[in-house]
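Source file model-v4.cif; content: mmCIF, C-alpha atoms.
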```cif
data_entry
#
loop_
_atom_site.group_PDB
_atom_site.id
_atom_site.type_symbol
_atom_site.label_atom_id
_atom_site.label_comp_id
_atom_site.auth_asym_id
_atom_site.auth_seq_id
_atom_site.Cartn_x
_atom_site.Cartn_y
_atom_site.Cartn_z
ATOM 1 C CA MET A 6 64.283 96.544 102.465
ATOM 2 C CA LYS A 7 65.904 99.956 102.354
ATOM 3 C CA LYS A 8 68.678 100.339 99.805
ATOM 4 C CA PRO A 9 72.087 101.041 101.297
ATOM 5 C CA VAL A 10 73.477 104.562 101.042
ATOM 6 C CA ILE A 11 77.127 104.872 100.064
ATOM 7 C CA GLY A 12 79.262 107.943 100.722
ATOM 8 C CA VAL A 13 82.482 108.533 98.789
ATOM 9 C CA VAL A 14 84.675 111.038 100.626
ATOM 10 C CA VAL A 15 86.457 113.581 98.438
ATOM 11 C CA PHE A 16 89.683 115.038 99.831
ATOM 12 C CA PRO A 17 91.741 117.664 98.017
ATOM 13 C CA GLY A 18 93.943 115.418 95.882
ATOM 14 C CA SER A 19 91.619 112.384 95.723
ATOM 15 C CA ASN A 20 91.687 110.960 92.199
ATOM 16 C CA CYS A 21 89.845 107.645 92.422
ATOM 17 C CA ASP A 22 86.683 109.128 93.922
ATOM 18 C CA HIS A 23 84.847 109.126 90.582
ATOM 19 C CA ASP A 24 85.855 105.525 89.888
ATOM 20 C CA ALA A 25 84.403 104.402 93.219
ATOM 21 C CA TYR A 26 81.282 106.510 92.652
ATOM 22 C CA HIS A 27 80.852 105.041 89.153
ATOM 23 C CA VAL A 28 81.015 101.468 90.460
ATOM 24 C CA PHE A 29 78.442 101.937 93.212
ATOM 25 C CA LYS A 30 76.151 104.323 91.337
ATOM 26 C CA HIS A 31 76.176 103.090 87.750
ATOM 27 C CA ILE A 32 77.266 99.465 87.874
ATOM 28 C CA LEU A 33 75.600 98.375 91.098
ATOM 29 C CA GLY A 34 72.810 100.974 90.888
ATOM 30 C CA GLU A 35 73.087 101.992 94.539
ATOM 31 C CA ASP A 36 72.289 105.308 96.186
ATOM 32 C CA THR A 37 75.756 106.888 96.115
ATOM 33 C CA ARG A 38 76.821 110.376 97.142
ATOM 34 C CA PHE A 39 80.037 112.367 97.164
ATOM 35 C CA LEU A 40 81.030 113.795 100.549
ATOM 36 C CA TRP A 41 83.371 116.806 100.552
ATOM 37 C CA HIS A 42 85.933 116.400 103.318
ATOM 38 C CA LYS A 43 84.888 119.648 105.008
ATOM 39 C CA GLU A 44 81.304 118.450 105.392
ATOM 40 C CA ARG A 45 80.089 116.573 108.432
ATOM 41 C CA LEU A 46 78.689 113.067 108.066
ATOM 42 C CA THR A 47 74.922 113.056 108.413
ATOM 43 C CA LYS A 48 72.897 110.033 109.491
ATOM 44 C CA GLY A 49 71.700 107.436 107.029
ATOM 45 C CA TYR A 50 74.932 106.247 105.469
ATOM 46 C CA ASP A 51 75.730 102.524 105.394
ATOM 47 C CA ILE A 52 79.124 102.449 103.689
ATOM 48 C CA ILE A 53 81.851 105.090 103.635
ATOM 49 C CA ILE A 54 84.562 104.873 100.983
ATOM 50 C CA LEU A 55 87.902 106.628 101.428
ATOM 51 C CA PRO A 56 89.190 106.650 97.849
ATOM 52 C CA GLY A 57 92.653 106.547 96.350
ATOM 53 C CA GLY A 58 94.699 109.549 95.334
ATOM 54 C CA PHE A 59 97.204 111.914 96.859
ATOM 55 C CA SER A 60 95.288 113.771 99.526
ATOM 56 C CA TYR A 61 97.073 116.994 100.500
ATOM 57 C CA GLY A 62 99.833 116.082 98.039
ATOM 58 C CA ASP A 63 101.066 113.349 100.402
ATOM 59 C CA TYR A 64 102.688 116.173 102.422
ATOM 60 C CA LEU A 65 104.306 115.208 105.725
ATOM 61 C CA ARG A 66 103.278 111.536 105.394
ATOM 62 C CA THR A 67 100.691 109.874 103.166
ATOM 63 C CA GLY A 68 97.243 110.345 104.673
ATOM 64 C CA ALA A 69 98.616 112.283 107.650
ATOM 65 C CA ILE A 70 96.768 115.546 107.025
ATOM 66 C CA ALA A 71 93.586 114.114 105.482
ATOM 67 C CA ARG A 72 93.151 112.240 108.727
ATOM 68 C CA PHE A 73 92.361 115.592 110.388
ATOM 69 C CA SER A 74 89.734 116.658 107.842
ATOM 70 C CA PRO A 75 86.456 117.521 109.599
ATOM 71 C CA ILE A 76 84.633 114.532 108.106
ATOM 72 C CA MET A 77 87.204 112.071 109.466
ATOM 73 C CA GLU A 78 86.117 112.720 113.048
ATOM 74 C CA ASP A 79 82.632 111.564 112.037
ATOM 75 C CA VAL A 80 83.971 108.659 109.969
ATOM 76 C CA MET A 81 85.908 107.466 113.017
ATOM 77 C CA ALA A 82 82.787 107.683 115.192
ATOM 78 C CA PHE A 83 80.808 105.911 112.444
ATOM 79 C CA ALA A 84 83.367 103.086 112.360
ATOM 80 C CA GLU A 85 83.397 102.790 116.143
ATOM 81 C CA LYS A 86 79.628 102.237 116.045
ATOM 82 C CA GLY A 87 80.121 99.417 113.537
ATOM 83 C CA GLY A 88 79.598 101.363 110.299
ATOM 84 C CA VAL A 89 81.331 99.920 107.242
ATOM 85 C CA VAL A 90 84.391 101.863 106.090
ATOM 86 C CA MET A 91 86.566 100.874 103.148
ATOM 87 C CA GLY A 92 89.823 102.636 102.360
ATOM 88 C CA ILE A 93 91.501 102.012 99.030
ATOM 89 C CA CYS A 94 95.162 102.929 98.461
ATOM 90 C CA ASN A 95 95.423 106.482 99.870
ATOM 91 C CA GLY A 96 92.253 105.612 101.798
ATOM 92 C CA PHE A 97 94.134 102.717 103.435
ATOM 93 C CA GLN A 98 96.949 105.119 104.335
ATOM 94 C CA ILE A 99 94.416 107.505 105.913
ATOM 95 C CA LEU A 100 92.904 104.626 107.914
ATOM 96 C CA THR A 101 96.283 103.650 109.377
ATOM 97 C CA GLU A 102 97.140 107.283 110.165
ATOM 98 C CA SER A 103 93.803 107.721 111.931
ATOM 99 C CA GLY A 104 94.347 104.581 113.983
ATOM 100 C CA LEU A 105 91.290 102.789 112.584
ATOM 101 C CA LEU A 106 93.654 100.131 111.228
ATOM 102 C CA PRO A 107 96.980 99.002 112.699
ATOM 103 C CA GLY A 108 100.370 99.454 111.049
ATOM 104 C CA VAL A 109 101.546 101.911 108.429
ATOM 105 C CA LEU A 110 102.261 102.052 104.687
ATOM 106 C CA VAL A 111 105.833 103.043 103.856
ATOM 107 C CA ARG A 112 107.820 103.631 100.657
ATOM 108 C CA ASN A 113 107.952 100.658 98.263
ATOM 109 C CA GLN A 114 111.063 98.580 98.745
ATOM 110 C CA SER A 115 111.950 99.057 95.043
ATOM 111 C CA LEU A 116 111.784 102.855 95.602
ATOM 112 C CA ARG A 117 109.640 102.960 92.460
ATOM 113 C CA PHE A 118 106.023 103.846 91.894
ATOM 114 C CA VAL A 119 104.381 100.534 90.974
ATOM 115 C CA CYS A 120 101.436 100.484 88.575
ATOM 116 C CA LYS A 121 100.433 97.006 87.400
ATOM 117 C CA ASP A 122 98.022 94.125 87.840
ATOM 118 C CA THR A 123 98.606 92.006 90.931
ATOM 119 C CA PHE A 124 97.075 88.733 92.047
ATOM 120 C CA LEU A 125 95.487 88.674 95.475
ATOM 121 C CA LYS A 126 94.944 85.513 97.439
ATOM 122 C CA ILE A 127 91.874 85.818 99.637
ATOM 123 C CA THR A 128 92.998 84.699 103.085
ATOM 124 C CA ASN A 129 89.879 85.449 105.108
ATOM 125 C CA TYR A 130 86.359 84.636 103.915
ATOM 126 C CA ASP A 131 84.628 85.667 107.114
ATOM 127 C CA SER A 132 84.667 89.395 106.406
ATOM 128 C CA ALA A 133 81.717 91.251 104.873
ATOM 129 C CA PHE A 134 84.038 92.181 102.025
ATOM 130 C CA THR A 135 84.835 88.597 101.029
ATOM 131 C CA SER A 136 82.144 86.280 102.401
ATOM 132 C CA GLY A 137 80.199 86.583 99.140
ATOM 133 C CA ILE A 138 83.095 85.319 97.013
ATOM 134 C CA ARG A 139 83.932 81.979 98.599
ATOM 135 C CA GLU A 140 84.058 80.322 95.188
ATOM 136 C CA LYS A 141 87.102 82.430 94.249
ATOM 137 C CA GLN A 142 90.607 82.065 95.629
ATOM 138 C CA VAL A 143 92.570 84.634 93.677
ATOM 139 C CA LEU A 144 91.544 88.041 92.307
ATOM 140 C CA ARG A 145 93.445 90.008 89.658
ATOM 141 C CA ILE A 146 93.424 93.638 90.793
ATOM 142 C CA PRO A 147 95.796 96.487 89.866
ATOM 143 C CA VAL A 148 97.990 98.472 92.252
ATOM 144 C CA ALA A 149 99.221 102.033 91.665
ATOM 145 C CA HIS A 150 101.288 103.438 94.494
ATOM 146 C CA GLY A 151 104.679 104.629 95.679
ATOM 147 C CA ASP A 152 104.048 104.101 99.392
ATOM 148 C CA GLY A 153 102.343 100.748 99.712
ATOM 149 C CA SER A 154 104.726 98.618 101.704
ATOM 150 C CA TYR A 155 102.833 97.420 104.746
ATOM 151 C CA PHE A 156 104.774 97.621 107.995
ATOM 152 C CA ALA A 157 103.850 96.904 111.609
ATOM 153 C CA PRO A 158 106.061 96.172 114.641
ATOM 154 C CA PRO A 159 106.402 92.421 115.403
ATOM 155 C CA ASP A 160 103.902 92.418 118.298
ATOM 156 C CA VAL A 161 101.259 94.234 116.217
ATOM 157 C CA LEU A 162 101.890 91.969 113.246
ATOM 158 C CA ALA A 163 101.484 88.886 115.446
ATOM 159 C CA GLU A 164 98.179 90.250 116.712
ATOM 160 C CA ILE A 165 96.910 90.936 113.181
ATOM 161 C CA GLU A 166 97.859 87.436 112.078
ATOM 162 C CA GLY A 167 96.464 85.870 115.257
ATOM 163 C CA ASN A 168 93.113 87.587 114.769
ATOM 164 C CA ASN A 169 92.981 86.568 111.109
ATOM 165 C CA GLN A 170 92.791 90.215 110.062
ATOM 166 C CA VAL A 171 94.694 89.771 106.801
ATOM 167 C CA VAL A 172 92.100 89.563 104.045
ATOM 168 C CA PHE A 173 94.283 89.802 100.934
ATOM 169 C CA ARG A 174 97.895 88.815 100.274
ATOM 170 C CA TYR A 175 99.878 89.373 97.089
ATOM 171 C CA SER A 176 100.301 86.022 95.358
ATOM 172 C CA ASP A 177 101.007 84.513 91.993
ATOM 173 C CA GLU A 178 98.209 83.573 89.610
ATOM 174 C CA SER A 179 97.735 80.222 91.349
ATOM 175 C CA GLY A 180 97.538 81.725 94.826
ATOM 176 C CA ASN A 181 101.083 80.926 95.980
ATOM 177 C CA ILE A 182 102.326 83.652 98.289
ATOM 178 C CA THR A 183 105.834 84.290 96.997
ATOM 179 C CA ALA A 184 108.455 87.027 97.281
ATOM 180 C CA ASP A 185 108.282 87.558 93.510
ATOM 181 C CA SER A 186 104.592 88.376 93.662
ATOM 182 C CA ASN A 187 105.082 91.040 96.346
ATOM 183 C CA PRO A 188 105.094 94.380 94.463
ATOM 184 C CA ASN A 189 106.237 96.631 97.300
ATOM 185 C CA GLY A 190 107.942 94.686 100.086
ATOM 186 C CA SER A 191 104.894 94.455 102.352
ATOM 187 C CA LEU A 192 105.442 92.275 105.427
ATOM 188 C CA GLY A 193 103.768 88.900 104.920
ATOM 189 C CA ASN A 194 102.732 89.993 101.392
ATOM 190 C CA ILE A 195 99.912 91.915 103.088
ATOM 191 C CA ALA A 196 97.703 93.729 100.573
ATOM 192 C CA GLY A 197 94.596 94.314 102.690
ATOM 193 C CA ILE A 198 93.550 94.059 106.330
ATOM 194 C CA ILE A 199 90.425 94.513 108.405
ATOM 195 C CA ASN A 200 90.102 95.796 111.964
ATOM 196 C CA LYS A 201 89.345 93.367 114.795
ATOM 197 C CA ARG A 202 85.625 93.963 114.520
ATOM 198 C CA GLY A 203 85.694 93.389 110.772
ATOM 199 C CA ASN A 204 83.797 96.525 109.705
ATOM 200 C CA VAL A 205 86.823 98.488 108.442
ATOM 201 C CA LEU A 206 88.906 97.333 105.463
ATOM 202 C CA GLY A 207 92.017 98.916 104.029
ATOM 203 C CA MET A 208 93.637 97.658 100.833
ATOM 204 C CA MET A 209 96.340 99.020 98.532
ATOM 205 C CA PRO A 210 95.057 97.429 95.276
ATOM 206 C CA HIS A 211 92.241 99.170 93.414
ATOM 207 C CA PRO A 212 89.110 97.014 92.957
ATOM 208 C CA GLU A 213 87.195 100.073 91.714
ATOM 209 C CA ARG A 214 89.508 100.212 88.691
ATOM 210 C CA CYS A 215 88.520 96.718 87.588
ATOM 211 C CA SER A 216 84.795 96.550 88.217
ATOM 212 C CA ASP A 217 83.506 97.500 84.783
ATOM 213 C CA ASN A 218 83.527 94.727 82.203
ATOM 214 C CA THR A 219 84.132 97.174 79.361
ATOM 215 C CA LEU A 220 87.642 97.619 80.789
ATOM 216 C CA GLY A 221 88.443 93.939 80.281
ATOM 217 C CA ASN A 222 88.581 92.924 83.934
ATOM 218 C CA ASP A 223 85.779 93.079 86.456
ATOM 219 C CA SER A 224 87.177 90.944 89.247
ATOM 220 C CA GLY A 225 86.998 93.887 91.659
ATOM 221 C CA ILE A 226 83.202 94.044 91.536
ATOM 222 C CA ASP A 227 82.961 90.866 93.618
ATOM 223 C CA ILE A 228 84.248 92.700 96.680
ATOM 224 C CA PHE A 229 81.656 95.459 96.368
ATOM 225 C CA LYS A 230 78.862 92.965 95.649
ATOM 226 C CA SER A 231 79.844 90.952 98.708
ATOM 227 C CA LEU A 232 79.701 94.086 100.811
ATOM 228 C CA ILE A 233 76.245 95.110 99.574
ATOM 229 C CA LYS A 234 74.933 91.545 99.985
ATOM 230 C CA ASN A 235 76.096 91.529 103.586
ATOM 231 C CA LEU A 236 74.258 94.745 104.359
ATOM 232 C CA MET A 237 70.943 93.532 102.958
ATOM 233 C CA MET B 10 107.933 133.323 122.445
ATOM 234 C CA TYR B 11 109.830 130.103 121.836
ATOM 235 C CA HIS B 12 111.517 128.716 118.786
ATOM 236 C CA VAL B 13 111.173 124.966 118.278
ATOM 237 C CA THR B 14 113.191 122.662 116.070
ATOM 238 C CA VAL B 15 111.933 119.121 115.555
ATOM 239 C CA THR B 16 114.056 116.484 113.858
ATOM 240 C CA VAL B 17 111.955 113.570 112.637
ATOM 241 C CA LYS B 18 113.882 110.360 112.020
ATOM 242 C CA ARG B 19 112.600 107.166 110.487
ATOM 243 C CA ARG B 20 113.124 104.179 112.758
ATOM 244 C CA PRO B 21 116.229 102.197 111.730
ATOM 245 C CA VAL B 22 114.099 99.237 110.569
ATOM 246 C CA ILE B 23 112.208 101.457 108.130
ATOM 247 C CA LEU B 24 113.759 101.847 104.701
ATOM 248 C CA ASP B 25 114.911 105.391 103.918
ATOM 249 C CA PRO B 26 114.620 105.572 100.116
ATOM 250 C CA GLN B 27 116.068 109.081 99.833
ATOM 251 C CA GLY B 28 119.068 108.099 101.920
ATOM 252 C CA LYS B 29 119.543 104.988 99.811
ATOM 253 C CA ALA B 30 119.363 107.005 96.570
ATOM 254 C CA VAL B 31 121.850 109.583 97.887
ATOM 255 C CA GLU B 32 124.162 106.791 98.979
ATOM 256 C CA GLN B 33 124.034 105.270 95.495
ATOM 257 C CA GLY B 34 124.737 108.725 94.005
ATOM 258 C CA ALA B 35 127.682 109.229 96.342
ATOM 259 C CA ARG B 36 129.149 105.882 95.301
ATOM 260 C CA LEU B 37 128.758 106.793 91.625
ATOM 261 C CA LEU B 38 130.645 110.025 92.290
ATOM 262 C CA GLY B 39 133.506 108.048 93.754
ATOM 263 C CA PHE B 40 132.812 108.510 97.471
ATOM 264 C CA LYS B 41 133.659 104.904 98.288
ATOM 265 C CA ASN B 42 133.731 105.372 102.081
ATOM 266 C CA ILE B 43 130.203 106.735 102.444
ATOM 267 C CA SER B 44 127.527 104.497 103.920
ATOM 268 C CA ASN B 45 124.499 104.549 106.256
ATOM 269 C CA VAL B 46 123.048 107.701 104.691
ATOM 270 C CA ARG B 47 119.773 108.642 106.351
ATOM 271 C CA ILE B 48 117.749 111.718 105.438
ATOM 272 C CA ASP B 49 115.699 113.143 108.279
ATOM 273 C CA ARG B 50 113.074 115.847 108.287
ATOM 274 C CA LEU B 51 113.632 119.161 110.051
ATOM 275 C CA ILE B 52 110.562 121.114 111.101
ATOM 276 C CA GLU B 53 110.765 124.578 112.685
ATOM 277 C CA PHE B 54 108.061 126.694 114.248
ATOM 278 C CA THR B 55 107.477 129.268 116.952
ATOM 279 C CA ILE B 56 105.152 129.037 119.923
ATOM 280 C CA GLN B 57 103.446 132.109 121.329
ATOM 281 C CA SER B 58 103.922 131.498 125.033
ATOM 282 C CA GLU B 59 105.710 132.937 128.040
ATOM 283 C CA ASP B 60 106.034 129.641 129.883
ATOM 284 C CA GLN B 61 108.700 127.182 128.743
ATOM 285 C CA ASP B 62 107.040 124.114 130.259
ATOM 286 C CA ALA B 63 103.733 124.921 128.575
ATOM 287 C CA ALA B 64 105.484 125.586 125.245
ATOM 288 C CA ASN B 65 107.405 122.342 125.569
ATOM 289 C CA GLU B 66 104.226 120.395 126.262
ATOM 290 C CA GLU B 67 102.424 121.978 123.307
ATOM 291 C CA ALA B 68 105.334 121.153 120.999
ATOM 292 C CA ARG B 69 105.382 117.538 122.211
ATOM 293 C CA GLN B 70 101.676 117.164 121.593
ATOM 294 C CA LEU B 71 102.041 118.527 118.073
ATOM 295 C CA CYS B 72 104.849 116.033 117.468
ATOM 296 C CA THR B 73 102.852 113.016 118.600
ATOM 297 C CA LYS B 74 99.518 114.042 117.075
ATOM 298 C CA LEU B 75 100.628 115.332 113.691
ATOM 299 C CA LEU B 76 104.322 115.704 112.934
ATOM 300 C CA THR B 77 105.331 112.084 113.480
ATOM 301 C CA ASN B 78 103.859 108.628 113.179
ATOM 302 C CA PRO B 79 105.198 106.766 116.225
ATOM 303 C CA ILE B 80 105.016 103.423 114.408
ATOM 304 C CA MET B 81 107.770 104.410 112.021
ATOM 305 C CA GLU B 82 109.373 107.591 113.319
ATOM 306 C CA ASP B 83 111.176 109.035 116.343
ATOM 307 C CA TYR B 84 111.750 112.715 116.998
ATOM 308 C CA GLU B 85 114.108 115.048 118.799
ATOM 309 C CA LEU B 86 112.840 118.379 120.010
ATOM 310 C CA LYS B 87 114.855 121.511 120.780
ATOM 311 C CA ILE B 88 113.220 124.563 122.270
ATOM 312 C CA SER B 89 114.729 128.002 122.922
ATOM 313 C CA LYS B 90 113.407 131.367 124.042
ATOM 314 C CA ILE B 91 113.486 134.144 121.429
#
```

Mind converting the file's structure to structure tokens?
Amino acid sequence: MKKPVIGVVVFPGSNCDHDAYHVFKHILGEDTRFLWHKERLTKGYDIIILPGGFSYGDYLRTGAIARFSPIMEDVMAFAEKGGVVMGICNGFQILTESGLLPGVLVRNQSLRFVCKDTFLKITNYDSAFTSGIREKQVLRIPVAHGDGSYFAPPDVLAEIEGNNQVVFRYSDESGNITADSNPNGSLGNIAGIINKRGNVLGMMPHPERCSDNTLGNDSGIDIFKSLIKNLM
Amino acid sequence: MYHVTVTVKRRPVILDPQGKAVEQGARLLGFKNISNVRIDRLIEFTIQSEDQDAANEEARQLCTKLLTNPIMEDYELKISKI
């Protein structure tokens, strides 16, 4: 079977693009390519990664200007056809700004930039991103953001919950979803959601930063492995 | 040509961290009566057009497509001929 092709979009101000590339290319050994945001998306890609960083310096609103980069028009069409898109941190913010995911990420309730390990309770095992890790309940994955507090109006939030679109929630080490384990004030401790169709994931924590065992934690690799397994 | 002023306000339910920080600063300075500080964003631009309705419509579209995120922000638009 054909190996999947992964595209990592590079916006001006992306700073986790090389981490994502490293994971797919060198750890998983997949065909991985950088995509400059001014390029157009050609055929043949299976997964598109919108990496973390500070695209366009977070001017106006986080992700607001990157969302109009030429490649995003193609990424949106790709997602509408069922292509797999994963947005991490700033990538999640771009996905909400572009309307591919509901809600918005606002300033952390603490008003501080938060950079630390968090525990994520997996709350949906039916997605391509998590179906390969049913044996695990909690993942330890770091966050690094100033604007990561998930917000959606009550009707939208009810819809997300009703459709089981929440994939990850901030929890304690044992998987209890508590106020103390919420690093940013996200509604419902939401750390990651998928769209209704399940082919688009946005998450604030950084699995690409903990996918290489030499760094002492590789719990993020499970998400990427699950994704690849689902494509094969 | 028209001059446009857009005031972008966060919805009341959305935390305004800058406003909160300024409020804390004001309290530290001894302004005990100050509360409900909100910091909005003011955006100005001109529109090359001779028709006010068309200019107004273009400004509104820019507001909804780029300048604001309707989930968390409202805006007020003022337009005047120059």

Any chance you could work out the residue set of the PyMOL selection byres ((chain A) within 9 of (chain B)) here, as a list in words? Leu65, Arg66, Ala69, Ile70, Phe73, Glu102, Gly108, Val109, Val111, Arg112, Asn113, Gln114, Ser115, Leu116, Phe156, Ala157 and Pro158 of chain A

Keeping only C-alpha atoms, write those residues as a compact mmCIF listing (two decimals), keeping the file's coordinate frame.
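File selection.txt, as written:
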```txt
# COMPACT_ATOMS: atom_id res chain seq x y z
CA LEU A 65 104.31 115.21 105.72
CA ARG A 66 103.28 111.54 105.39
CA ALA A 69 98.62 112.28 107.65
CA ILE A 70 96.77 115.55 107.02
CA PHE A 73 92.36 115.59 110.39
CA GLU A 102 97.14 107.28 110.16
CA GLY A 108 100.37 99.45 111.05
CA VAL A 109 101.55 101.91 108.43
CA VAL A 111 105.83 103.04 103.86
CA ARG A 112 107.82 103.63 100.66
CA ASN A 113 107.95 100.66 98.26
CA GLN A 114 111.06 98.58 98.74
CA SER A 115 111.95 99.06 95.04
CA LEU A 116 111.78 102.86 95.60
CA PHE A 156 104.77 97.62 108.00
CA ALA A 157 103.85 96.90 111.61
CA PRO A 158 106.06 96.17 114.64
```

Spatial neighbours of Phe134 in chain A, 10 Å, only C-alpha atoms, chain gap at least 4 places, as a list of chain:residue names: A:Val89, A:Met91, A:Asn129, A:Tyr130, A:Ile138, A:Val172, A:Ile199, A:Gly203, A:Asn204, A:Val205, A:Leu206, A:Asp227, A:Ile228, A:Phe229, A:Lys230, A:Ser231, A:Leu232, A:Ile233, A:Lys234, A:Asn235

Please, could you write that set of residues out with C-alpha atoms as a CSV table (one decimal), in the coordinates of the input?
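Done, and the output landed in result.csv:
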```
chain,number,residue,atom,x,y,z
A,89,VAL,CA,81.3,99.9,107.2
A,91,MET,CA,86.6,100.9,103.1
A,129,ASN,CA,89.9,85.4,105.1
A,130,TYR,CA,86.4,84.6,103.9
A,138,ILE,CA,83.1,85.3,97.0
A,172,VAL,CA,92.1,89.6,104.0
A,199,ILE,CA,90.4,94.5,108.4
A,203,GLY,CA,85.7,93.4,110.8
A,204,ASN,CA,83.8,96.5,109.7
A,205,VAL,CA,86.8,98.5,108.4
A,206,LEU,CA,88.9,97.3,105.5
A,227,ASP,CA,83.0,90.9,93.6
A,228,ILE,CA,84.2,92.7,96.7
A,229,PHE,CA,81.7,95.5,96.4
A,230,LYS,CA,78.9,93.0,95.6
A,231,SER,CA,79.8,91.0,98.7
A,232,LEU,CA,79.7,94.1,100.8
A,233,ILE,CA,76.2,95.1,99.6
A,234,LYS,CA,74.9,91.5,100.0
A,235,ASN,CA,76.1,91.5,103.6
```

Residues near Asp49 in chain B, anyone? I mean within 8 Å using all atoms listed in the file, not counting same-chain ones fewer than 3 positions away, as a list of chain:residue names.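 In the requested format, the answer is B:Thr16, B:Val17, B:Lys18, B:Arg19.
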
What separation in Å, quoted to one decimal, exists between CA of Thr67 in chain A and CA of Phe97 in chain A? 9.7 Å

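Take CA of Tyr175 in chain A and CA of Val15 in chain A: the distance between them is 27.7 Å.
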
When you look at Thr128 in chain A with a cut-off of 12 Å (counting all atoms listed in the file), what residues show up, excluding the ones that are within fewer than 5 positions of it in the same chain? I need them as a PyMOL selection string. chain A and resi 134-136+138-139+141-144+166+169-176+180-182+193-199

Could you jot down the CA of Glu67 in chain B to CA of Ile52 in chain B separation for me, Å, one decimal place? 14.7 Å

Name all residues at most 8 Å from Phe118 in chain A (count only C-alpha atoms; drop same-chain ones fewer than 3 positions away) and give them as a ChimeraX atom specification. /A:113,149-152

Go through B:Leu38, B:Val46, B:Ala63, B:Val15 one by one, measure the shortest atom-to-atom distance of each to Tyr84 in chain B using all atoms listed in the file, and give the residue with the smallest value.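 Of B:Leu38, B:Val46, B:Ala63, B:Val15, the one nearest Tyr84 in chain B, counting all atoms listed in the file, is B:Val15.
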
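Here the PyMOL selection byres ((chain B and resi 57-61) around 8) catches exactly these residues: Met10, Tyr11, Thr55, Ile56, Asp62, Ala63, Ala64, Asn65 and Lys90 of chain B.
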
Restricting the calculation to all atoms listed in the file, which member of A:Glu85, A:Asp185, A:Glu35, A:Asp22 is positioned closest to Gly58 in chain A?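 Looking at the shortest contact to Gly58 in chain A, the residue is A:Asp22.
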
Quick one: everything within 6 Å of Thr123 in chain A, counting all atoms listed in the file, minus sequence neighbours fewer than 3 positions away in the same chain. Send it as a PyMOL selection string. chain A and resi 145-147

Axis-aligned box for all listed atoms of range 14-22 of chain B, 3 Å per side, centre and edges in Å to one decimal, as JSON:
```
{"center_x": 114.1, "center_y": 110.9, "center_z": 113.3, "size_x": 10.3, "size_y": 29.4, "size_z": 11.6}
```

Using the chain letters and numbers from the file, which residues does the PyMOL selection byres ((chain A and resi 25) around 12) grab, as a PyMOL selection string? chain A and resi 11-15+19-24+26-33+35+37-39+52-58+91-93+96+211-217+225-226+229

Just add N, CA and C atoms to range 55-68 of chain A and send it as a PDB file, keeping the file's coordinate frame.
```pdb
ATOM      1  N   LEU A  55      86.797 105.666 101.489  1.00  0.00           N
ATOM      2  CA  LEU A  55      87.902 106.628 101.428  1.00  0.00           C
ATOM      3  C   LEU A  55      88.709 106.249 100.178  1.00  0.00           C
ATOM      4  N   PRO A  56      88.632 107.067  99.144  1.00  0.00           N
ATOM      5  CA  PRO A  56      89.190 106.650  97.849  1.00  0.00           C
ATOM      6  C   PRO A  56      90.694 106.866  97.731  1.00  0.00           C
ATOM      7  N   GLY A  57      91.233 106.378  96.622  1.00  0.00           N
ATOM      8  CA  GLY A  57      92.653 106.547  96.350  1.00  0.00           C
ATOM      9  C   GLY A  57      92.976 107.946  95.847  1.00  0.00           C
ATOM     10  N   GLY A  58      94.256 108.241  95.811  1.00  0.00           N
ATOM     11  CA  GLY A  58      94.699 109.549  95.334  1.00  0.00           C
ATOM     12  C   GLY A  58      95.902 110.018  96.106  1.00  0.00           C
ATOM     13  N   PHE A  59      96.056 111.323  96.156  1.00  0.00           N
ATOM     14  CA  PHE A  59      97.204 111.914  96.859  1.00  0.00           C
ATOM     15  C   PHE A  59      96.694 113.055  97.713  1.00  0.00           C
ATOM     16  N   SER A  60      95.901 112.725  98.718  1.00  0.00           N
ATOM     17  CA  SER A  60      95.288 113.771  99.526  1.00  0.00           C
ATOM     18  C   SER A  60      96.366 114.673 100.123  1.00  0.00           C
ATOM     19  N   TYR A  61      96.124 115.979 100.012  1.00  0.00           N
ATOM     20  CA  TYR A  61      97.073 116.994 100.500  1.00  0.00           C
ATOM     21  C   TYR A  61      98.480 116.756  99.939  1.00  0.00           C
ATOM     22  N   GLY A  62      98.538 116.251  98.695  1.00  0.00           N
ATOM     23  CA  GLY A  62      99.833 116.082  98.039  1.00  0.00           C
ATOM     24  C   GLY A  62     100.774 115.138  98.754  1.00  0.00           C
ATOM     25  N   ASP A  63     100.226 114.269  99.610  1.00  0.00           N
ATOM     26  CA  ASP A  63     101.066 113.349 100.402  1.00  0.00           C
ATOM     27  C   ASP A  63     102.049 114.111 101.299  1.00  0.00           C
ATOM     28  N   TYR A  64     101.773 115.389 101.580  1.00  0.00           N
ATOM     29  CA  TYR A  64     102.688 116.173 102.422  1.00  0.00           C
ATOM     30  C   TYR A  64     102.812 115.555 103.805  1.00  0.00           C
ATOM     31  N   LEU A  65     103.962 115.724 104.400  1.00  0.00           N
ATOM     32  CA  LEU A  65     104.306 115.208 105.725  1.00  0.00           C
ATOM     33  C   LEU A  65     104.426 113.686 105.696  1.00  0.00           C
ATOM     34  N   ARG A  66     103.309 112.984 105.619  1.00  0.00           N
ATOM     35  CA  ARG A  66     103.278 111.536 105.394  1.00  0.00           C
ATOM     36  C   ARG A  66     101.982 111.266 104.636  1.00  0.00           C
ATOM     37  N   THR A  67     101.922 110.159 103.907  1.00  0.00           N
ATOM     38  CA  THR A  67     100.691 109.874 103.166  1.00  0.00           C
ATOM     39  C   THR A  67      99.528 109.736 104.143  1.00  0.00           C
ATOM     40  N   GLY A  68      98.462 110.444 103.861  1.00  0.00           N
ATOM     41  CA  GLY A  68      97.243 110.345 104.673  1.00  0.00           C
ATOM     42  C   GLY A  68      97.285 111.103 105.980  1.00  0.00           C
TER      43      GLY A  68
END
```
